[in-house]
$ cat protein14.cif   # mmCIF, C-alpha atoms
data_final
loop_
_atom_site.group_PDB
_atom_site.id
_atom_site.type_symbol
_atom_site.label_atom_id
_atom_site.label_comp_id
_atom_site.auth_asym_id
_atom_site.auth_seq_id
_atom_site.Cartn_x
_atom_site.Cartn_y
_atom_site.Cartn_z
ATOM 1 C CA MET W 1 145.007 -7.893 121.755
ATOM 2 C CA LEU W 2 142.573 -7.221 118.995
ATOM 3 C CA PHE W 3 142.986 -4.477 116.454
ATOM 4 C CA VAL W 4 140.281 -1.978 115.623
ATOM 5 C CA GLU W 5 140.973 0.490 112.827
ATOM 6 C CA GLY W 6 144.723 0.194 113.325
ATOM 7 C CA GLU W 7 144.557 0.411 117.131
ATOM 8 C CA ILE W 8 145.181 -2.290 119.704
ATOM 9 C CA MET W 9 142.035 -3.239 121.638
ATOM 10 C CA ASP W 10 142.247 -3.653 125.404
ATOM 11 C CA LYS W 11 139.954 -5.701 127.643
ATOM 12 C CA ASN W 12 137.393 -2.914 128.140
ATOM 13 C CA GLU W 13 137.231 -2.130 124.425
ATOM 14 C CA PHE W 14 136.862 -5.842 123.671
ATOM 15 C CA PHE W 15 133.810 -6.187 125.912
ATOM 16 C CA GLN W 16 132.364 -2.919 124.584
ATOM 17 C CA SER W 17 132.677 -4.382 121.076
ATOM 18 C CA LEU W 18 130.553 -7.333 122.242
ATOM 19 C CA GLU W 19 127.623 -5.125 123.239
ATOM 20 C CA GLU W 20 125.946 -5.757 119.874
ATOM 21 C CA ILE W 21 125.894 -9.474 120.764
ATOM 22 C CA VAL W 22 124.244 -8.682 124.095
ATOM 23 C CA VAL W 23 121.298 -6.975 122.372
ATOM 24 C CA ASP W 24 121.052 -9.042 119.156
ATOM 25 C CA PRO W 25 117.512 -10.182 118.425
ATOM 26 C CA LEU W 26 116.682 -13.867 118.718
ATOM 27 C CA PHE W 27 114.979 -15.894 116.046
ATOM 28 C CA ILE W 28 112.335 -17.895 117.903
ATOM 29 C CA GLY W 29 110.698 -20.588 115.824
ATOM 30 C CA ASN W 30 107.140 -21.834 116.013
ATOM 31 C CA ASN W 31 107.796 -25.576 116.007
ATOM 32 C CA MET W 32 110.388 -28.343 115.812
ATOM 33 C CA GLN W 33 110.892 -27.734 112.067
ATOM 34 C CA ASP W 34 112.413 -24.321 112.898
ATOM 35 C CA ILE W 35 115.332 -25.736 114.952
ATOM 36 C CA ALA W 36 117.784 -25.557 112.023
ATOM 37 C CA GLU W 37 116.841 -21.936 111.370
ATOM 38 C CA GLU W 38 117.171 -21.135 115.074
ATOM 39 C CA THR W 39 120.636 -22.696 115.081
ATOM 40 C CA ALA W 40 121.665 -20.710 112.001
ATOM 41 C CA ASN W 41 120.367 -17.397 113.372
ATOM 42 C CA ASN W 42 121.074 -17.764 117.098
ATOM 43 C CA THR W 43 124.756 -18.720 117.176
ATOM 44 C CA TRP W 44 127.488 -16.280 118.154
ATOM 45 C CA SER W 45 131.248 -16.712 118.486
ATOM 46 C CA MET W 46 134.125 -14.756 119.959
ATOM 47 C CA SER W 47 137.870 -15.011 119.607
ATOM 48 C CA ILE W 48 140.694 -13.213 121.358
ATOM 49 C CA SER W 49 144.440 -12.872 121.013
ATOM 50 C CA LYS W 50 146.811 -14.675 123.340
ATOM 51 C CA GLU W 51 147.793 -11.303 124.810
ATOM 52 C CA LEU W 52 144.190 -10.335 125.518
ATOM 53 C CA ALA W 53 143.582 -13.754 127.097
ATOM 54 C CA THR W 54 146.129 -12.853 129.778
ATOM 55 C CA GLU W 55 144.190 -9.641 130.601
ATOM 56 C CA ILE W 56 140.752 -11.221 130.847
ATOM 57 C CA VAL W 57 139.593 -13.230 133.848
ATOM 58 C CA VAL W 58 136.753 -15.739 134.066
ATOM 59 C CA GLU W 59 134.539 -13.243 135.898
ATOM 60 C CA ASP W 60 134.767 -10.819 132.952
ATOM 61 C CA PHE W 61 133.123 -13.393 130.680
ATOM 62 C CA MET W 62 130.677 -14.410 133.418
ATOM 63 C CA ASP W 63 129.473 -10.783 133.578
ATOM 64 C CA PHE W 64 129.133 -10.708 129.782
ATOM 65 C CA PHE W 65 127.131 -13.958 129.694
ATOM 66 C CA ARG W 66 124.875 -12.782 132.552
ATOM 67 C CA ARG W 67 123.963 -9.724 130.481
ATOM 68 C CA VAL W 68 123.376 -11.882 127.388
ATOM 69 C CA MET W 69 121.146 -14.264 129.345
ATOM 70 C CA THR W 70 119.141 -11.394 130.850
ATOM 71 C CA ASN W 71 118.511 -10.020 127.359
ATOM 72 C CA ARG W 72 117.580 -13.431 125.938
ATOM 73 C CA ARG W 73 115.270 -14.162 128.891
ATOM 74 C CA GLU W 74 113.437 -10.867 128.219
ATOM 75 C CA GLN W 75 113.106 -11.712 124.518
ATOM 76 C CA ILE W 76 111.805 -15.218 125.290
ATOM 77 C CA ARG W 77 109.281 -13.916 127.820
ATOM 78 C CA GLY W 78 108.012 -11.393 125.266
ATOM 79 C CA SER W 79 107.581 -14.064 122.580
ATOM 80 C CA ASN W 80 104.936 -16.659 121.722
ATOM 81 C CA ASN W 81 107.349 -19.442 122.721
ATOM 82 C CA ARG W 82 105.675 -21.679 125.313
ATOM 83 C CA ASP W 83 108.537 -24.013 126.150
ATOM 84 C CA GLY W 84 111.506 -21.759 126.793
ATOM 85 C CA MET W 85 114.875 -22.166 125.105
ATOM 86 C CA LEU W 86 118.133 -24.006 125.612
ATOM 87 C CA PHE W 87 121.171 -21.760 125.986
ATOM 88 C CA TYR W 88 124.371 -23.677 125.343
ATOM 89 C CA ILE W 89 128.007 -22.625 125.307
ATOM 90 C CA TRP W 90 131.137 -24.456 124.211
ATOM 91 C CA PHE W 91 134.779 -23.860 123.392
ATOM 92 C CA ASP W 92 135.654 -24.766 119.801
ATOM 93 C CA TRP W 93 139.412 -25.294 119.999
ATOM 94 C CA GLN W 94 139.755 -25.822 116.234
ATOM 95 C CA SER W 95 138.673 -22.228 115.612
ATOM 96 C CA ALA W 96 139.949 -20.951 119.009
ATOM 97 C CA GLN W 97 136.494 -19.488 119.662
ATOM 98 C CA ILE W 98 134.017 -19.588 122.477
ATOM 99 C CA LYS W 99 130.580 -20.063 120.962
ATOM 100 C CA PHE W 100 127.028 -19.997 122.208
ATOM 101 C CA SER W 101 123.619 -20.639 120.764
ATOM 102 C CA LEU W 102 119.948 -20.868 121.654
ATOM 103 C CA ILE W 103 117.304 -23.249 120.351
ATOM 104 C CA SER W 104 113.739 -23.872 121.461
ATOM 105 C CA ASP W 105 113.360 -26.562 124.082
ATOM 106 C CA TYR W 106 111.434 -29.259 122.239
ATOM 107 C CA ASP W 107 113.182 -32.053 124.136
ATOM 108 C CA THR W 108 115.657 -32.412 121.298
ATOM 109 C CA ASN W 109 119.344 -33.211 121.156
ATOM 110 C CA LEU W 110 121.819 -30.392 120.788
ATOM 111 C CA PRO W 111 122.988 -30.048 117.165
ATOM 112 C CA PHE W 112 126.512 -31.479 117.476
ATOM 113 C CA GLY W 113 128.013 -34.181 115.307
ATOM 114 C CA CYS W 114 130.361 -35.375 118.028
ATOM 115 C CA GLU W 115 130.281 -36.864 121.495
ATOM 116 C CA ILE W 116 129.320 -34.200 124.046
ATOM 117 C CA GLU W 117 129.431 -33.961 127.821
ATOM 118 C CA ILE W 118 126.736 -31.716 129.273
ATOM 119 C CA ILE W 119 127.858 -29.586 132.191
ATOM 120 C CA HIS W 120 125.835 -26.976 134.034
ATOM 121 C CA LYS W 121 128.590 -24.576 135.029
ATOM 122 C CA LEU W 122 129.978 -22.028 132.619
ATOM 123 C CA GLU W 123 133.299 -21.400 134.358
ATOM 124 C CA PRO W 124 135.100 -24.531 133.039
ATOM 125 C CA ILE W 125 134.276 -23.567 129.442
ATOM 126 C CA ILE W 126 135.565 -20.024 129.927
ATOM 127 C CA TRP W 127 138.644 -21.273 131.766
ATOM 128 C CA GLU W 128 139.477 -23.672 128.921
ATOM 129 C CA PHE W 129 139.046 -20.845 126.392
ATOM 130 C CA LEU W 130 141.276 -18.419 128.298
ATOM 131 C CA ARG W 131 144.014 -21.017 128.929
ATOM 132 C CA PHE W 132 144.155 -22.121 125.286
ATOM 133 C CA PRO W 133 147.732 -21.570 124.049
ATOM 134 C CA TYR W 134 146.887 -21.070 120.347
ATOM 135 C CA HIS W 135 144.676 -17.968 120.247
ATOM 136 C CA ASP W 136 147.040 -16.496 117.675
ATOM 137 C CA GLY W 137 147.042 -19.673 115.565
ATOM 138 C CA PHE W 138 148.817 -23.008 115.552
ATOM 139 C CA ARG W 139 152.512 -23.044 114.833
ATOM 140 C CA PHE W 140 153.210 -24.961 111.645
ATOM 141 C CA GLU W 141 155.572 -27.386 113.426
ATOM 142 C CA GLU W 142 152.775 -28.405 115.785
ATOM 143 C CA VAL W 143 150.281 -29.277 113.074
ATOM 144 C CA ARG W 144 150.384 -32.975 112.349
ATOM 145 C CA ASP W 145 148.727 -34.713 109.454
ATOM 146 C CA ASP W 146 148.559 -38.295 110.572
ATOM 147 C CA ASP W 147 146.137 -41.005 111.584
ATOM 148 C CA GLN W 148 147.012 -40.669 115.287
ATOM 149 C CA MET W 149 145.845 -37.050 115.411
ATOM 150 C CA GLU W 150 142.585 -38.031 113.719
ATOM 151 C CA GLU W 151 142.072 -40.775 116.317
ATOM 152 C CA ASP W 152 142.864 -38.334 119.151
ATOM 153 C CA VAL W 153 140.249 -35.895 117.863
ATOM 154 C CA LYS W 154 137.644 -38.655 117.445
ATOM 155 C CA GLY W 155 138.193 -39.657 121.071
ATOM 156 C CA GLU W 156 137.672 -36.138 122.405
ATOM 157 C CA THR W 157 134.416 -35.303 124.162
ATOM 158 C CA LEU W 158 133.189 -31.739 123.729
ATOM 159 C CA LYS W 159 132.138 -30.088 126.975
ATOM 160 C CA VAL W 160 128.957 -28.074 126.519
ATOM 161 C CA CYS W 161 127.440 -25.898 129.217
ATOM 162 C CA LEU W 162 123.666 -26.212 128.965
ATOM 163 C CA LEU W 163 121.281 -23.808 130.676
ATOM 164 C CA LYS W 164 117.510 -23.676 130.310
ATOM 165 C CA ILE W 165 115.807 -20.306 129.949
ATOM 166 C CA ASN W 166 112.161 -20.714 130.912
ATOM 167 C CA LYS W 167 109.295 -18.719 129.495
#
$ encode --input "protein14.cif" --output "structure tokens"
Amino acid sequence: MLFVEGEIMDKNEFFQSLEEIVVDPLFIGNNMQDIAEETANNTWSMSISKELATEIVVEDFMDFFRRVMTNRREQIRGSNNRDGMLFYIWFDWQSAQIKFSLISDYDTNLPFGCEIEIIHKLEPIIWEFLRFPYHDGFRFEEVRDDDQMEEDVKGETLKVCLLKINK
């Protein structure tokens, strides 16, 4: 569970704390040169404790992301953006965070420096996040500093859920 001002946060309090993400304003660029600024301004991340992960179900996050997408769709429709935006979500296991971002749809690649697999369903990303055994950190004994681990990481493909939000 998360702590807020010395108190343990339950599932409902956790999702209430995410309300500011639901209504955050988007930065919508004017052209391809604004993609980096969009990435910097339109990326959010969330982490949970292992205990809280056992309380939350996939549908809880699906409801949260539906509300986020509704808000972003309204912002995009009220903007000067003609092409819509790409809404993409991934699980970053190194930081134990689920992350999402939006960039304008200029037929560009997503800004990842690794091999990615595009999927169009959000549930597998959420499921992977909730099942992750190291929400409270990696145990020291399990951290390896060797060439094999580096090769294992290089061989991993990052699953990214990609959804298009049209103007």
$ closest_residue --input "protein14.cif" --among "W:Leu110, W:Ile118, W:Ile103, W:Leu18" --to "W:Thr39" --atoms "only C-alpha atoms"
W:Ile103
$ residues_around --input "protein14.cif" --residues "W:Ile21" --least-positions-apart "6" --cutoff "12 Å" --atoms "all atoms listed in the file" --output "VMD selection string"
chain W and resid 14 to 15 42 to 46 64 to 65 67 to 69 71 to 72 99 to 101
$ residues_around --input "protein14.cif" --residues "W:Gly137" --least-positions-apart "6" --cutoff "12 Å" --atoms "only C-alpha atoms" --output "PDB file with C-alpha atoms, in the coordinates of the input"
ATOM      1  CA  SER W  47     137.870 -15.011 119.607  1.00  0.00           C
ATOM      2  CA  ILE W  48     140.694 -13.213 121.358  1.00  0.00           C
ATOM      3  CA  SER W  49     144.440 -12.872 121.013  1.00  0.00           C
ATOM      4  CA  LYS W  50     146.811 -14.675 123.340  1.00  0.00           C
ATOM      5  CA  TRP W  93     139.412 -25.294 119.999  1.00  0.00           C
ATOM      6  CA  GLN W  94     139.755 -25.822 116.234  1.00  0.00           C
ATOM      7  CA  SER W  95     138.673 -22.228 115.612  1.00  0.00           C
ATOM      8  CA  ALA W  96     139.949 -20.951 119.009  1.00  0.00           C
ATOM      9  CA  GLN W  97     136.494 -19.488 119.662  1.00  0.00           C
ATOM     10  CA  VAL W 143     150.281 -29.277 113.074  1.00  0.00           C
TER      11      VAL W 143
END
$ atom_distance --input "protein14.cif" --atom1 "atom CA of W:Lys11" --atom2 "atom CA of W:Glu55"
6.5 Å
$ resolve_selection --input "protein14.cif" --expression "the PyMOL selection byres ((chain W and resi 126) around 12)" --output "number ranges by chain"
W: 46-47, 53, 56-65, 89-93, 96-100, 121-125, 127-132, 159-161
$ residues_near_point --input "protein14.cif" --point "(111.7, -17.2, 114.1)" --cutoff "10 Å" --atoms "only C-alpha atoms" --output "count of residues only"
14
